[in-house]
>>> print(open('work02.cif').read())   # mmCIF, C-alpha atoms; chains and numbers go by the auth columns
data_query
loop_
_atom_site.group_PDB
_atom_site.id
_atom_site.type_symbol
_atom_site.label_atom_id
_atom_site.label_comp_id
_atom_site.label_asym_id
_atom_site.label_seq_id
_atom_site.Cartn_x
_atom_site.Cartn_y
_atom_site.Cartn_z
_atom_site.B_iso_or_equiv
_atom_site.auth_seq_id
_atom_site.auth_asym_id
ATOM 1 C CA GLU A 1 31.657 -80.415 89.532 0.00 52 Y
ATOM 2 C CA PRO A 2 29.001 -80.307 92.273 0.00 53 Y
ATOM 3 C CA GLU A 3 29.370 -82.816 95.068 0.00 54 Y
ATOM 4 C CA VAL A 4 27.751 -83.947 98.283 0.00 55 Y
ATOM 5 C CA THR A 5 29.628 -82.775 101.366 0.00 56 Y
ATOM 6 C CA GLN A 6 29.476 -84.143 104.905 0.00 57 Y
ATOM 7 C CA THR A 7 30.653 -82.883 108.274 0.00 58 Y
ATOM 8 C CA PRO A 8 32.342 -83.845 110.459 0.00 59 Y
ATOM 9 C CA SER A 9 34.599 -86.371 108.807 0.00 60 Y
ATOM 10 C CA HIS A 10 35.065 -88.164 112.133 0.00 61 Y
ATOM 11 C CA GLN A 11 32.920 -87.971 115.259 0.00 62 Y
ATOM 12 C CA VAL A 12 33.809 -89.642 118.534 0.00 63 Y
ATOM 13 C CA THR A 13 31.129 -89.801 121.213 0.00 64 Y
ATOM 14 C CA GLN A 14 30.286 -91.545 124.448 0.00 65 Y
ATOM 15 C CA MET A 15 27.550 -94.154 124.531 0.00 66 Y
ATOM 16 C CA GLY A 16 24.211 -92.547 125.343 0.00 67 Y
ATOM 17 C CA GLN A 17 25.120 -89.173 123.868 0.00 68 Y
ATOM 18 C CA GLU A 18 23.287 -87.503 121.011 0.00 69 Y
ATOM 19 C CA VAL A 19 25.055 -86.901 117.709 0.00 70 Y
ATOM 20 C CA ILE A 20 24.081 -84.929 114.646 0.00 71 Y
ATOM 21 C CA LEU A 21 25.657 -85.756 111.320 0.00 72 Y
ATOM 22 C CA ARG A 22 25.411 -83.079 108.661 0.00 73 Y
ATOM 23 C CA CYS A 23 25.193 -83.213 104.907 0.00 74 Y
ATOM 24 C CA VAL A 24 24.906 -80.668 102.133 0.00 75 Y
ATOM 25 C CA PRO A 25 23.368 -82.434 99.112 0.00 76 Y
ATOM 26 C CA ILE A 26 23.867 -81.272 95.533 0.00 77 Y
ATOM 27 C CA SER A 27 21.793 -78.142 95.139 0.00 78 Y
ATOM 28 C CA ASN A 28 19.259 -79.133 92.479 0.00 79 Y
ATOM 29 C CA HIS A 29 18.683 -82.634 93.842 0.00 80 Y
ATOM 30 C CA LEU A 30 15.293 -83.660 95.158 0.00 81 Y
ATOM 31 C CA TYR A 31 15.815 -86.975 96.929 0.00 82 Y
ATOM 32 C CA PHE A 32 18.052 -87.406 99.938 0.00 83 Y
ATOM 33 C CA TYR A 33 19.362 -90.510 101.684 0.00 84 Y
ATOM 34 C CA TRP A 34 21.366 -91.805 104.585 0.00 85 Y
ATOM 35 C CA TYR A 35 23.255 -95.093 104.419 0.00 86 Y
ATOM 36 C CA ARG A 36 25.722 -96.656 106.780 0.00 87 Y
ATOM 37 C CA GLN A 37 28.531 -99.171 106.525 0.00 88 Y
ATOM 38 C CA ILE A 38 29.702 -101.039 109.581 0.00 89 Y
ATOM 39 C CA LEU A 39 33.342 -102.026 109.252 0.00 90 Y
ATOM 40 C CA GLY A 40 33.700 -105.037 106.959 0.00 91 Y
ATOM 41 C CA GLN A 41 30.021 -105.143 106.056 0.00 92 Y
ATOM 42 C CA LYS A 42 27.907 -103.958 103.162 0.00 93 Y
ATOM 43 C CA VAL A 43 26.519 -100.473 102.681 0.00 94 Y
ATOM 44 C CA GLU A 44 23.008 -100.456 104.211 0.00 95 Y
ATOM 45 C CA PHE A 45 20.119 -98.155 103.541 0.00 96 Y
ATOM 46 C CA LEU A 46 18.767 -96.190 106.500 0.00 97 Y
ATOM 47 C CA VAL A 47 16.265 -93.645 105.229 0.00 98 Y
ATOM 48 C CA SER A 48 15.099 -91.706 102.187 0.00 99 Y
ATOM 49 C CA PHE A 49 13.627 -88.196 102.275 0.00 100 Y
ATOM 50 C CA TYR A 50 11.608 -86.393 99.630 0.00 101 Y
ATOM 51 C CA ASN A 51 9.389 -83.344 99.681 0.00 102 Y
ATOM 52 C CA ASN A 52 10.198 -82.683 103.345 0.00 103 Y
ATOM 53 C CA GLU A 53 9.173 -86.070 104.610 0.00 104 Y
ATOM 54 C CA ILE A 54 10.505 -89.567 105.029 0.00 105 Y
ATOM 55 C CA SER A 55 9.559 -91.690 102.021 0.00 106 Y
ATOM 56 C CA GLU A 56 11.083 -94.974 103.158 0.00 107 Y
ATOM 57 C CA LYS A 57 13.061 -96.218 106.133 0.00 108 Y
ATOM 58 C CA SER A 58 14.734 -99.466 107.057 0.00 109 Y
ATOM 59 C CA GLU A 59 14.386 -101.555 110.205 0.00 110 Y
ATOM 60 C CA ILE A 60 17.634 -100.029 111.432 0.00 111 Y
ATOM 61 C CA PHE A 61 16.041 -96.576 111.447 0.00 112 Y
ATOM 62 C CA ASP A 62 14.221 -96.873 114.769 0.00 113 Y
ATOM 63 C CA ASP A 63 12.969 -94.190 117.157 0.00 114 Y
ATOM 64 C CA GLN A 64 16.522 -93.247 118.089 0.00 115 Y
ATOM 65 C CA PHE A 65 17.087 -91.883 114.591 0.00 116 Y
ATOM 66 C CA SER A 66 15.619 -88.800 112.966 0.00 117 Y
ATOM 67 C CA VAL A 67 16.298 -86.740 109.866 0.00 118 Y
ATOM 68 C CA GLU A 68 15.682 -83.117 109.115 0.00 119 Y
ATOM 69 C CA ARG A 69 16.142 -80.653 106.327 0.00 120 Y
ATOM 70 C CA PRO A 70 16.166 -77.478 108.408 0.00 121 Y
ATOM 71 C CA ASP A 71 16.826 -75.123 105.512 0.00 122 Y
ATOM 72 C CA GLY A 72 17.251 -75.265 101.758 0.00 123 Y
ATOM 73 C CA SER A 73 20.695 -76.784 101.849 0.00 124 Y
ATOM 74 C CA ASN A 74 21.398 -78.955 104.906 0.00 125 Y
ATOM 75 C CA PHE A 75 20.206 -82.491 105.559 0.00 126 Y
ATOM 76 C CA THR A 76 20.907 -83.924 109.003 0.00 127 Y
ATOM 77 C CA LEU A 77 20.812 -87.303 110.703 0.00 128 Y
ATOM 78 C CA LYS A 78 20.361 -87.300 114.468 0.00 129 Y
ATOM 79 C CA ILE A 79 20.972 -90.255 116.732 0.00 130 Y
ATOM 80 C CA ARG A 80 19.427 -89.460 120.119 0.00 131 Y
ATOM 81 C CA SER A 81 21.188 -91.933 122.373 0.00 132 Y
ATOM 82 C CA THR A 82 24.099 -93.619 120.681 0.00 133 Y
ATOM 83 C CA LYS A 83 24.938 -97.278 121.211 0.00 134 Y
ATOM 84 C CA LEU A 84 28.195 -99.083 120.623 0.00 135 Y
ATOM 85 C CA GLU A 85 26.693 -100.787 117.569 0.00 136 Y
ATOM 86 C CA ASP A 86 26.023 -97.410 115.950 0.00 137 Y
ATOM 87 C CA SER A 87 29.755 -97.140 115.232 0.00 138 Y
ATOM 88 C CA ALA A 88 30.006 -97.062 111.434 0.00 139 Y
ATOM 89 C CA MET A 89 30.634 -94.895 108.387 0.00 140 Y
ATOM 90 C CA TYR A 90 27.543 -92.865 107.602 0.00 141 Y
ATOM 91 C CA PHE A 91 27.042 -91.770 104.016 0.00 142 Y
ATOM 92 C CA CYS A 92 24.660 -89.128 102.762 0.00 143 Y
ATOM 93 C CA ALA A 93 23.460 -89.347 99.151 0.00 144 Y
ATOM 94 C CA SER A 94 21.244 -87.333 96.858 0.00 145 Y
ATOM 95 C CA ARG A 95 19.794 -87.570 93.381 0.00 146 Y
ATOM 96 C CA THR A 96 17.566 -85.865 90.849 0.00 147 Y
ATOM 97 C CA ILE A 97 14.697 -87.791 89.261 0.00 148 Y
ATOM 98 C CA ALA A 98 17.339 -90.087 87.708 0.00 149 Y
ATOM 99 C CA ALA A 99 18.130 -93.230 89.701 0.00 150 Y
ATOM 100 C CA GLN A 100 21.845 -92.589 90.070 0.00 151 Y
ATOM 101 C CA GLN A 101 22.662 -91.485 93.611 0.00 152 Y
ATOM 102 C CA PHE A 102 25.661 -89.326 94.421 0.00 153 Y
ATOM 103 C CA PHE A 103 27.367 -90.066 97.709 0.00 154 Y
ATOM 104 C CA GLY A 104 29.267 -87.858 100.093 0.00 155 Y
ATOM 105 C CA PRO A 105 32.646 -88.839 101.568 0.00 156 Y
ATOM 106 C CA GLY A 106 31.094 -90.121 104.779 0.00 157 Y
ATOM 107 C CA THR A 107 31.310 -89.448 108.503 0.00 158 Y
ATOM 108 C CA ARG A 108 33.073 -92.017 110.640 0.00 159 Y
ATOM 109 C CA LEU A 109 31.141 -92.330 113.904 0.00 160 Y
ATOM 110 C CA THR A 110 32.930 -93.964 116.811 0.00 161 Y
ATOM 111 C CA VAL A 111 30.879 -94.688 119.929 0.00 162 Y
ATOM 112 C CA LEU A 112 32.926 -95.451 123.048 0.00 163 Y
ATOM 113 C CA ASP B 1 18.722 -110.274 103.623 0.00 225 G
ATOM 114 C CA GLN B 2 20.804 -111.464 100.653 0.00 226 G
ATOM 115 C CA GLN B 3 18.980 -109.813 97.777 0.00 227 G
ATOM 116 C CA VAL B 4 22.248 -108.872 96.105 0.00 228 G
ATOM 117 C CA LYS B 5 25.303 -111.098 96.314 0.00 229 G
ATOM 118 C CA GLN B 6 28.870 -110.634 95.236 0.00 230 G
ATOM 119 C CA ASN B 7 30.443 -113.992 95.883 0.00 231 G
ATOM 120 C CA SER B 8 34.050 -112.986 95.334 0.00 232 G
ATOM 121 C CA PRO B 9 35.367 -110.834 98.188 0.00 233 G
ATOM 122 C CA SER B 10 38.570 -110.138 96.261 0.00 234 G
ATOM 123 C CA LEU B 11 40.038 -110.308 92.780 0.00 235 G
ATOM 124 C CA SER B 12 43.591 -109.762 91.592 0.00 236 G
ATOM 125 C CA VAL B 13 44.289 -108.904 87.940 0.00 237 G
ATOM 126 C CA GLN B 14 47.387 -107.966 86.041 0.00 238 G
ATOM 127 C CA GLU B 15 47.580 -104.473 84.582 0.00 239 G
ATOM 128 C CA GLY B 16 46.352 -104.394 80.990 0.00 240 G
ATOM 129 C CA ARG B 17 44.227 -107.531 81.320 0.00 241 G
ATOM 130 C CA ILE B 18 40.463 -107.753 81.700 0.00 242 G
ATOM 131 C CA SER B 19 38.815 -107.556 85.123 0.00 243 G
ATOM 132 C CA ILE B 20 35.437 -109.268 85.463 0.00 244 G
ATOM 133 C CA LEU B 21 33.352 -108.647 88.565 0.00 245 G
ATOM 134 C CA ASN B 22 30.171 -110.596 89.139 0.00 246 G
ATOM 135 C CA CYS B 23 26.923 -109.996 90.969 0.00 247 G
ATOM 136 C CA ASP B 24 23.750 -112.057 91.493 0.00 248 G
ATOM 137 C CA TYR B 25 20.345 -110.874 92.623 0.00 249 G
ATOM 138 C CA THR B 26 17.273 -112.700 93.780 0.00 250 G
ATOM 139 C CA ASN B 27 14.285 -110.561 92.856 0.00 251 G
ATOM 140 C CA SER B 28 13.262 -110.613 89.196 0.00 252 G
ATOM 141 C CA MET B 29 11.254 -107.413 89.758 0.00 253 G
ATOM 142 C CA PHE B 30 14.417 -105.325 90.035 0.00 254 G
ATOM 143 C CA ASP B 31 14.728 -103.235 86.894 0.00 255 G
ATOM 144 C CA TYR B 32 17.725 -100.964 87.355 0.00 256 G
ATOM 145 C CA PHE B 33 21.250 -101.976 88.253 0.00 257 G
ATOM 146 C CA LEU B 34 24.299 -99.935 89.110 0.00 258 G
ATOM 147 C CA TRP B 35 27.997 -100.372 89.824 0.00 259 G
ATOM 148 C CA TYR B 36 29.822 -98.171 92.305 0.00 260 G
ATOM 149 C CA LYS B 37 33.496 -97.927 93.041 0.00 261 G
ATOM 150 C CA LYS B 38 34.831 -97.074 96.486 0.00 262 G
ATOM 151 C CA TYR B 39 38.265 -95.991 97.613 0.00 263 G
ATOM 152 C CA PRO B 40 39.204 -96.100 101.321 0.00 264 G
ATOM 153 C CA ALA B 41 37.919 -93.110 103.336 0.00 265 G
ATOM 154 C CA GLU B 42 35.689 -91.987 100.454 0.00 266 G
ATOM 155 C CA GLY B 43 32.044 -92.468 99.576 0.00 267 G
ATOM 156 C CA PRO B 44 30.890 -94.772 96.772 0.00 268 G
ATOM 157 C CA THR B 45 31.326 -93.244 93.306 0.00 269 G
ATOM 158 C CA PHE B 46 28.884 -94.095 90.536 0.00 270 G
ATOM 159 C CA LEU B 47 30.491 -95.972 87.674 0.00 271 G
ATOM 160 C CA ILE B 48 27.919 -97.346 85.253 0.00 272 G
ATOM 161 C CA SER B 49 24.328 -98.549 85.203 0.00 273 G
ATOM 162 C CA ILE B 50 21.947 -100.633 83.138 0.00 274 G
ATOM 163 C CA SER B 51 18.196 -100.951 82.963 0.00 275 G
ATOM 164 C CA SER B 52 16.421 -104.256 82.563 0.00 276 G
ATOM 165 C CA ILE B 53 15.390 -103.473 78.992 0.00 277 G
ATOM 166 C CA LYS B 54 19.017 -103.783 77.907 0.00 278 G
ATOM 167 C CA ASP B 55 21.559 -106.561 78.212 0.00 279 G
ATOM 168 C CA LYS B 56 24.686 -104.481 77.738 0.00 280 G
ATOM 169 C CA ASN B 57 25.859 -100.959 78.434 0.00 281 G
ATOM 170 C CA GLU B 58 29.291 -99.626 77.626 0.00 282 G
ATOM 171 C CA ASP B 59 31.160 -96.537 78.802 0.00 283 G
ATOM 172 C CA GLY B 60 34.794 -96.359 77.784 0.00 284 G
ATOM 173 C CA ARG B 61 36.734 -99.145 79.457 0.00 285 G
ATOM 174 C CA PHE B 62 33.692 -100.240 81.458 0.00 286 G
ATOM 175 C CA THR B 63 30.942 -102.554 80.229 0.00 287 G
ATOM 176 C CA VAL B 64 28.079 -103.950 82.245 0.00 288 G
ATOM 177 C CA PHE B 65 26.269 -107.091 81.111 0.00 289 G
ATOM 178 C CA LEU B 66 22.865 -108.142 82.390 0.00 290 G
ATOM 179 C CA ASN B 67 21.506 -111.678 82.147 0.00 291 G
ATOM 180 C CA LYS B 68 17.933 -111.434 83.379 0.00 292 G
ATOM 181 C CA SER B 69 17.135 -115.115 83.115 0.00 293 G
ATOM 182 C CA ALA B 70 20.080 -115.951 85.348 0.00 294 G
ATOM 183 C CA LYS B 71 19.576 -112.847 87.533 0.00 295 G
ATOM 184 C CA HIS B 72 23.214 -112.056 87.038 0.00 296 G
ATOM 185 C CA LEU B 73 25.174 -108.979 86.106 0.00 297 G
ATOM 186 C CA SER B 74 28.845 -108.455 85.511 0.00 298 G
ATOM 187 C CA LEU B 75 31.217 -105.548 85.124 0.00 299 G
ATOM 188 C CA HIS B 76 34.080 -105.802 82.664 0.00 300 G
ATOM 189 C CA ILE B 77 37.021 -103.436 82.854 0.00 301 G
ATOM 190 C CA VAL B 78 39.432 -103.556 79.949 0.00 302 G
ATOM 191 C CA PRO B 79 42.252 -102.793 79.963 0.00 303 G
ATOM 192 C CA SER B 80 42.659 -102.749 83.738 0.00 304 G
ATOM 193 C CA GLN B 81 44.770 -99.937 85.161 0.00 305 G
ATOM 194 C CA PRO B 82 46.418 -99.503 88.605 0.00 306 G
ATOM 195 C CA GLY B 83 43.947 -96.700 89.420 0.00 307 G
ATOM 196 C CA ASP B 84 41.120 -99.226 89.120 0.00 308 G
ATOM 197 C CA SER B 85 42.226 -100.830 92.397 0.00 309 G
ATOM 198 C CA ALA B 86 39.262 -100.247 94.724 0.00 310 G
ATOM 199 C CA VAL B 87 36.213 -101.989 96.172 0.00 311 G
ATOM 200 C CA TYR B 88 33.405 -102.431 93.637 0.00 312 G
ATOM 201 C CA PHE B 89 29.796 -102.666 94.730 0.00 313 G
ATOM 202 C CA CYS B 90 26.890 -103.706 92.597 0.00 314 G
ATOM 203 C CA ALA B 91 23.546 -102.256 93.595 0.00 315 G
ATOM 204 C CA VAL B 92 19.940 -102.618 92.563 0.00 316 G
ATOM 205 C CA GLN B 93 17.398 -99.856 92.607 0.00 317 G
ATOM 206 C CA GLY B 94 14.464 -100.593 94.903 0.00 318 G
ATOM 207 C CA ALA B 95 11.446 -98.329 95.237 0.00 319 G
ATOM 208 C CA GLN B 96 13.473 -95.572 96.884 0.00 320 G
ATOM 209 C CA LYS B 97 16.704 -97.098 98.034 0.00 321 G
ATOM 210 C CA LEU B 98 19.758 -98.796 96.635 0.00 322 G
ATOM 211 C CA VAL B 99 20.430 -102.328 97.841 0.00 323 G
ATOM 212 C CA PHE B 100 24.127 -103.102 97.755 0.00 324 G
ATOM 213 C CA GLY B 101 26.131 -106.272 97.482 0.00 325 G
ATOM 214 C CA GLN B 102 28.984 -106.969 99.868 0.00 326 G
ATOM 215 C CA GLY B 103 31.610 -105.634 97.476 0.00 327 G
ATOM 216 C CA THR B 104 34.613 -107.099 95.678 0.00 328 G
ATOM 217 C CA ARG B 105 38.083 -105.725 96.345 0.00 329 G
ATOM 218 C CA LEU B 106 39.867 -105.433 93.010 0.00 330 G
ATOM 219 C CA THR B 107 43.652 -105.209 92.991 0.00 331 G
ATOM 220 C CA ILE B 108 45.459 -104.414 89.771 0.00 332 G
ATOM 221 C CA ASN B 109 49.041 -105.640 89.780 0.00 333 G
ATOM 222 C CA PRO B 110 51.700 -103.898 87.676 0.00 334 G
#
>>> encode(input="work02.cif", output="structure tokens")
Amino acid sequence: EPEVTQTPSHQVTQMGQEVILRCVPISNHLYFYWYRQILGQKVEFLVSFYNNEISEKSEIFDDQFSVERPDGSNFTLKIRSTKLEDSAMYFCASRTIAAQQFFGPGTRLTVL
Amino acid sequence: DQQVKQNSPSLSVQEGRISILNCDYTNSMFDYFLWYKKYPAEGPTFLISISSIKDKNEDGRFTVFLNKSAKHLSLHIVPSQPGDSAVYFCAVQGAQKLVFGQGTRLTINP
């Protein structure tokens, strides 16, 4: 069964450093997403991406964040200058035209 | 931003009995609702959904009920099994995104 994959599973970085989180969505999916979950809190939407552009973003997704689909398979989230409060689980998701989103296993980002 | 609320952070149910998880939402314009299940160190897994034109949807042991007038949905699991122990999130479909509740940790006791 096809699934969304994410790498790395755990990323540790120093405050102020850039990180890139990688995702491979399900191959025939058209809509791509990033969500995050800070420990003990709800899963929060960051950004949606369709037809090679951002279709919606949340207030969290400020200028420090960017997304890219550099080729036909990868979907990346970049944080330019990480802050302590960026520590969270980051989930990638994708879907077809149906509403149901399929989530990857997540990347745990720890900012020291 | 409390558009979707799950008021019970945890629920404990005996194996074989019915588990009922509840969710309230605030915006009557929402028209598609989903339940996800999450194990530790994994991403949310889609369980079942319902559109606003229905009031019930069933898939095996899982049934979702929607009460639009009360802006309330519930997930029934019967019979509950030990493998059902997980965190359950309800979510509503916005224009592009899913808006999640805080989750309910379900524990099934043998």
>>> residues_around(input="work02.cif", residues="region 272-281 of chain G", least_positions_apart="3", cutoff="12 Å", atoms="all atoms listed in the file", output="ChimeraX atom specification")
/Y:149-152 /G:252-261,269,284-301,312-317
>>> interface_residues(input="work02.cif", of="chain Y", to="chain G", cutoff="9 Å", atoms="all atoms listed in the file", output="number ranges by chain")
Y: 82, 84, 91-99, 106-108, 142-143, 150-157, 159
>>> residues_around(input="work02.cif", residues="Ser234 (chain G)", least_positions_apart="4", cutoff="12 Å", atoms="all atoms listed in the file", output="ChimeraX atom specification")
/G:230,243-246,309-313,326-332
>>> write_last_selection(input="work02.cif", atoms="C-alpha atoms", output="short mmCIF file (atom, residue, chain, number, x, y, z; two decimals), in the frame of the given file")
data_model
loop_
_atom_site.label_atom_id
_atom_site.label_comp_id
_atom_site.auth_asym_id
_atom_site.auth_seq_id
_atom_site.Cartn_x
_atom_site.Cartn_y
_atom_site.Cartn_z
CA GLN G 230 28.87 -110.63 95.24
CA SER G 243 38.82 -107.56 85.12
CA ILE G 244 35.44 -109.27 85.46
CA LEU G 245 33.35 -108.65 88.56
CA ASN G 246 30.17 -110.60 89.14
CA SER G 309 42.23 -100.83 92.40
CA ALA G 310 39.26 -100.25 94.72
CA VAL G 311 36.21 -101.99 96.17
CA TYR G 312 33.40 -102.43 93.64
CA PHE G 313 29.80 -102.67 94.73
CA GLN G 326 28.98 -106.97 99.87
CA GLY G 327 31.61 -105.63 97.48
CA THR G 328 34.61 -107.10 95.68
CA ARG G 329 38.08 -105.72 96.34
CA LEU G 330 39.87 -105.43 93.01
CA THR G 331 43.65 -105.21 92.99
CA ILE G 332 45.46 -104.41 89.77
#
>>> resolve_selection(input="work02.cif", expression="the PyMOL selection byres ((chain Y and resi 81) around 7)", output="MDAnalysis selection string")
chainID Y and resid 79:80 82:83 101 146:147
>>> residues_near_point(input="work02.cif", point="(16.5, -91.8, 117.1)", cutoff="9 Å", atoms="all atoms listed in the file", output="MDAnalysis selection string")
chainID Y and resid 69 112:118 128:133
>>> residues_near_point(input="work02.cif", point="(31.0, -95.9, 110.5)", cutoff="6 Å", atoms="only C-alpha atoms", output="ChimeraX atom specification")
/Y:88-89,138-141,159-160
>>> atom_distance(input="work02.cif", atom1="CA of Gly123 (chain Y)", atom2="CA of Ser109 (chain Y)")
24.9 Å
>>> resolve_selection(input="work02.cif", expression="the PyMOL selection byres ((chain G and resi 226) around 9)", output="PyMOL selection string")
chain G and resi 225+227-229+249-250+325
>>> write_last_selection(input="work02.cif", atoms="C-alpha atoms", output="mmCIF file, keeping the file's coordinate frame")
data_model
loop_
_atom_site.group_PDB
_atom_site.id
_atom_site.type_symbol
_atom_site.label_atom_id
_atom_site.label_comp_id
_atom_site.auth_asym_id
_atom_site.auth_seq_id
_atom_site.Cartn_x
_atom_site.Cartn_y
_atom_site.Cartn_z
ATOM 1 C CA ASP G 225 18.722 -110.274 103.623
ATOM 2 C CA GLN G 227 18.980 -109.813 97.777
ATOM 3 C CA VAL G 228 22.248 -108.872 96.105
ATOM 4 C CA LYS G 229 25.303 -111.098 96.314
ATOM 5 C CA TYR G 249 20.345 -110.874 92.623
ATOM 6 C CA THR G 250 17.273 -112.700 93.780
ATOM 7 C CA GLY G 325 26.131 -106.272 97.482
#
>>> resolve_selection(input="work02.cif", expression="the PyMOL selection byres ((chain Y and resi 127) around 6)", output="compact mmCIF listing (two decimals) with C-alpha atoms, in the frame of the given file")
# COMPACT_ATOMS: atom_id res chain seq x y z
CA LEU Y 72 25.66 -85.76 111.32
CA ARG Y 73 25.41 -83.08 108.66
CA CYS Y 74 25.19 -83.21 104.91
CA VAL Y 118 16.30 -86.74 109.87
CA GLU Y 119 15.68 -83.12 109.12
CA PHE Y 126 20.21 -82.49 105.56
CA LEU Y 128 20.81 -87.30 110.70
>>> atom_distance(input="work02.cif", atom1="CA of Val162 (chain Y)", atom2="CA of Ser60 (chain Y)")
14.4 Å
>>> atom_distance(input="work02.cif", atom1="CA of Thr56 (chain Y)", atom2="CA of Tyr86 (chain Y)")
14.2 Å
>>> axis_aligned_box(input="work02.cif", around="region 310-320 of chain G", padding_each_side="6 Å", output="lines of an AutoDock Vina configuration file")
center_x = 25.4
center_y = -99.6
center_z = 94.7
size_x = 39.8
size_y = 20.1
size_z = 16.3
>>> build_atoms(input="work02.cif", residues="region 230-245 of chain G", atoms="N, CA, C and O atoms", output="short mmCIF file (atom, residue, chain, number, x, y, z; two decimals), in the frame of the given file")
data_model
loop_
_atom_site.label_atom_id
_atom_site.label_comp_id
_atom_site.auth_asym_id
_atom_site.auth_seq_id
_atom_site.Cartn_x
_atom_site.Cartn_y
_atom_site.Cartn_z
N GLN G 230 27.61 -110.61 95.96
CA GLN G 230 28.87 -110.63 95.24
C GLN G 230 29.71 -111.71 95.91
O GLN G 230 30.17 -111.53 97.03
N ASN G 231 29.87 -112.82 95.23
CA ASN G 231 30.44 -113.99 95.88
C ASN G 231 31.95 -113.96 96.00
O ASN G 231 32.53 -114.75 96.75
N SER G 232 32.60 -113.06 95.25
CA SER G 232 34.05 -112.99 95.33
C SER G 232 34.44 -111.78 96.17
O SER G 232 34.28 -110.65 95.73
N PRO G 233 34.96 -111.98 97.37
CA PRO G 233 35.37 -110.83 98.19
C PRO G 233 36.57 -110.10 97.61
O PRO G 233 36.76 -108.91 97.88
N SER G 234 37.39 -110.80 96.81
CA SER G 234 38.57 -110.14 96.26
C SER G 234 38.91 -110.73 94.90
O SER G 234 38.55 -111.86 94.57
N LEU G 235 39.62 -109.91 94.12
CA LEU G 235 40.04 -110.31 92.78
C LEU G 235 41.35 -109.59 92.48
O LEU G 235 41.47 -108.38 92.71
N SER G 236 42.29 -110.33 91.94
CA SER G 236 43.59 -109.76 91.59
C SER G 236 43.82 -109.95 90.09
O SER G 236 43.69 -111.07 89.59
N VAL G 237 44.16 -108.87 89.39
CA VAL G 237 44.29 -108.90 87.94
C VAL G 237 45.56 -108.15 87.55
O VAL G 237 45.92 -107.15 88.16
N GLN G 238 46.19 -108.65 86.51
CA GLN G 238 47.39 -107.97 86.04
C GLN G 238 47.01 -106.74 85.20
O GLN G 238 46.02 -106.77 84.44
N GLU G 239 47.79 -105.70 85.35
CA GLU G 239 47.58 -104.47 84.58
C GLU G 239 47.50 -104.79 83.09
O GLU G 239 48.29 -105.59 82.57
N GLY G 240 46.51 -104.20 82.42
CA GLY G 240 46.35 -104.39 80.99
C GLY G 240 45.40 -105.52 80.63
O GLY G 240 44.90 -105.57 79.50
N ARG G 241 45.13 -106.42 81.60
CA ARG G 241 44.23 -107.53 81.32
C ARG G 241 42.79 -107.12 81.65
O ARG G 241 42.53 -106.02 82.11
N ILE G 242 41.86 -108.03 81.43
CA ILE G 242 40.46 -107.75 81.70
C ILE G 242 40.12 -108.13 83.14
O ILE G 242 40.54 -109.15 83.65
N SER G 243 39.37 -107.25 83.80
CA SER G 243 38.82 -107.56 85.12
C SER G 243 37.33 -107.84 84.94
O SER G 243 36.63 -107.06 84.27
N ILE G 244 36.86 -108.92 85.54
CA ILE G 244 35.44 -109.27 85.46
C ILE G 244 34.91 -109.43 86.88
O ILE G 244 35.38 -110.28 87.63
N LEU G 245 33.97 -108.58 87.25
CA LEU G 245 33.35 -108.65 88.56
C LEU G 245 31.90 -109.09 88.40
O LEU G 245 31.21 -108.64 87.51
#
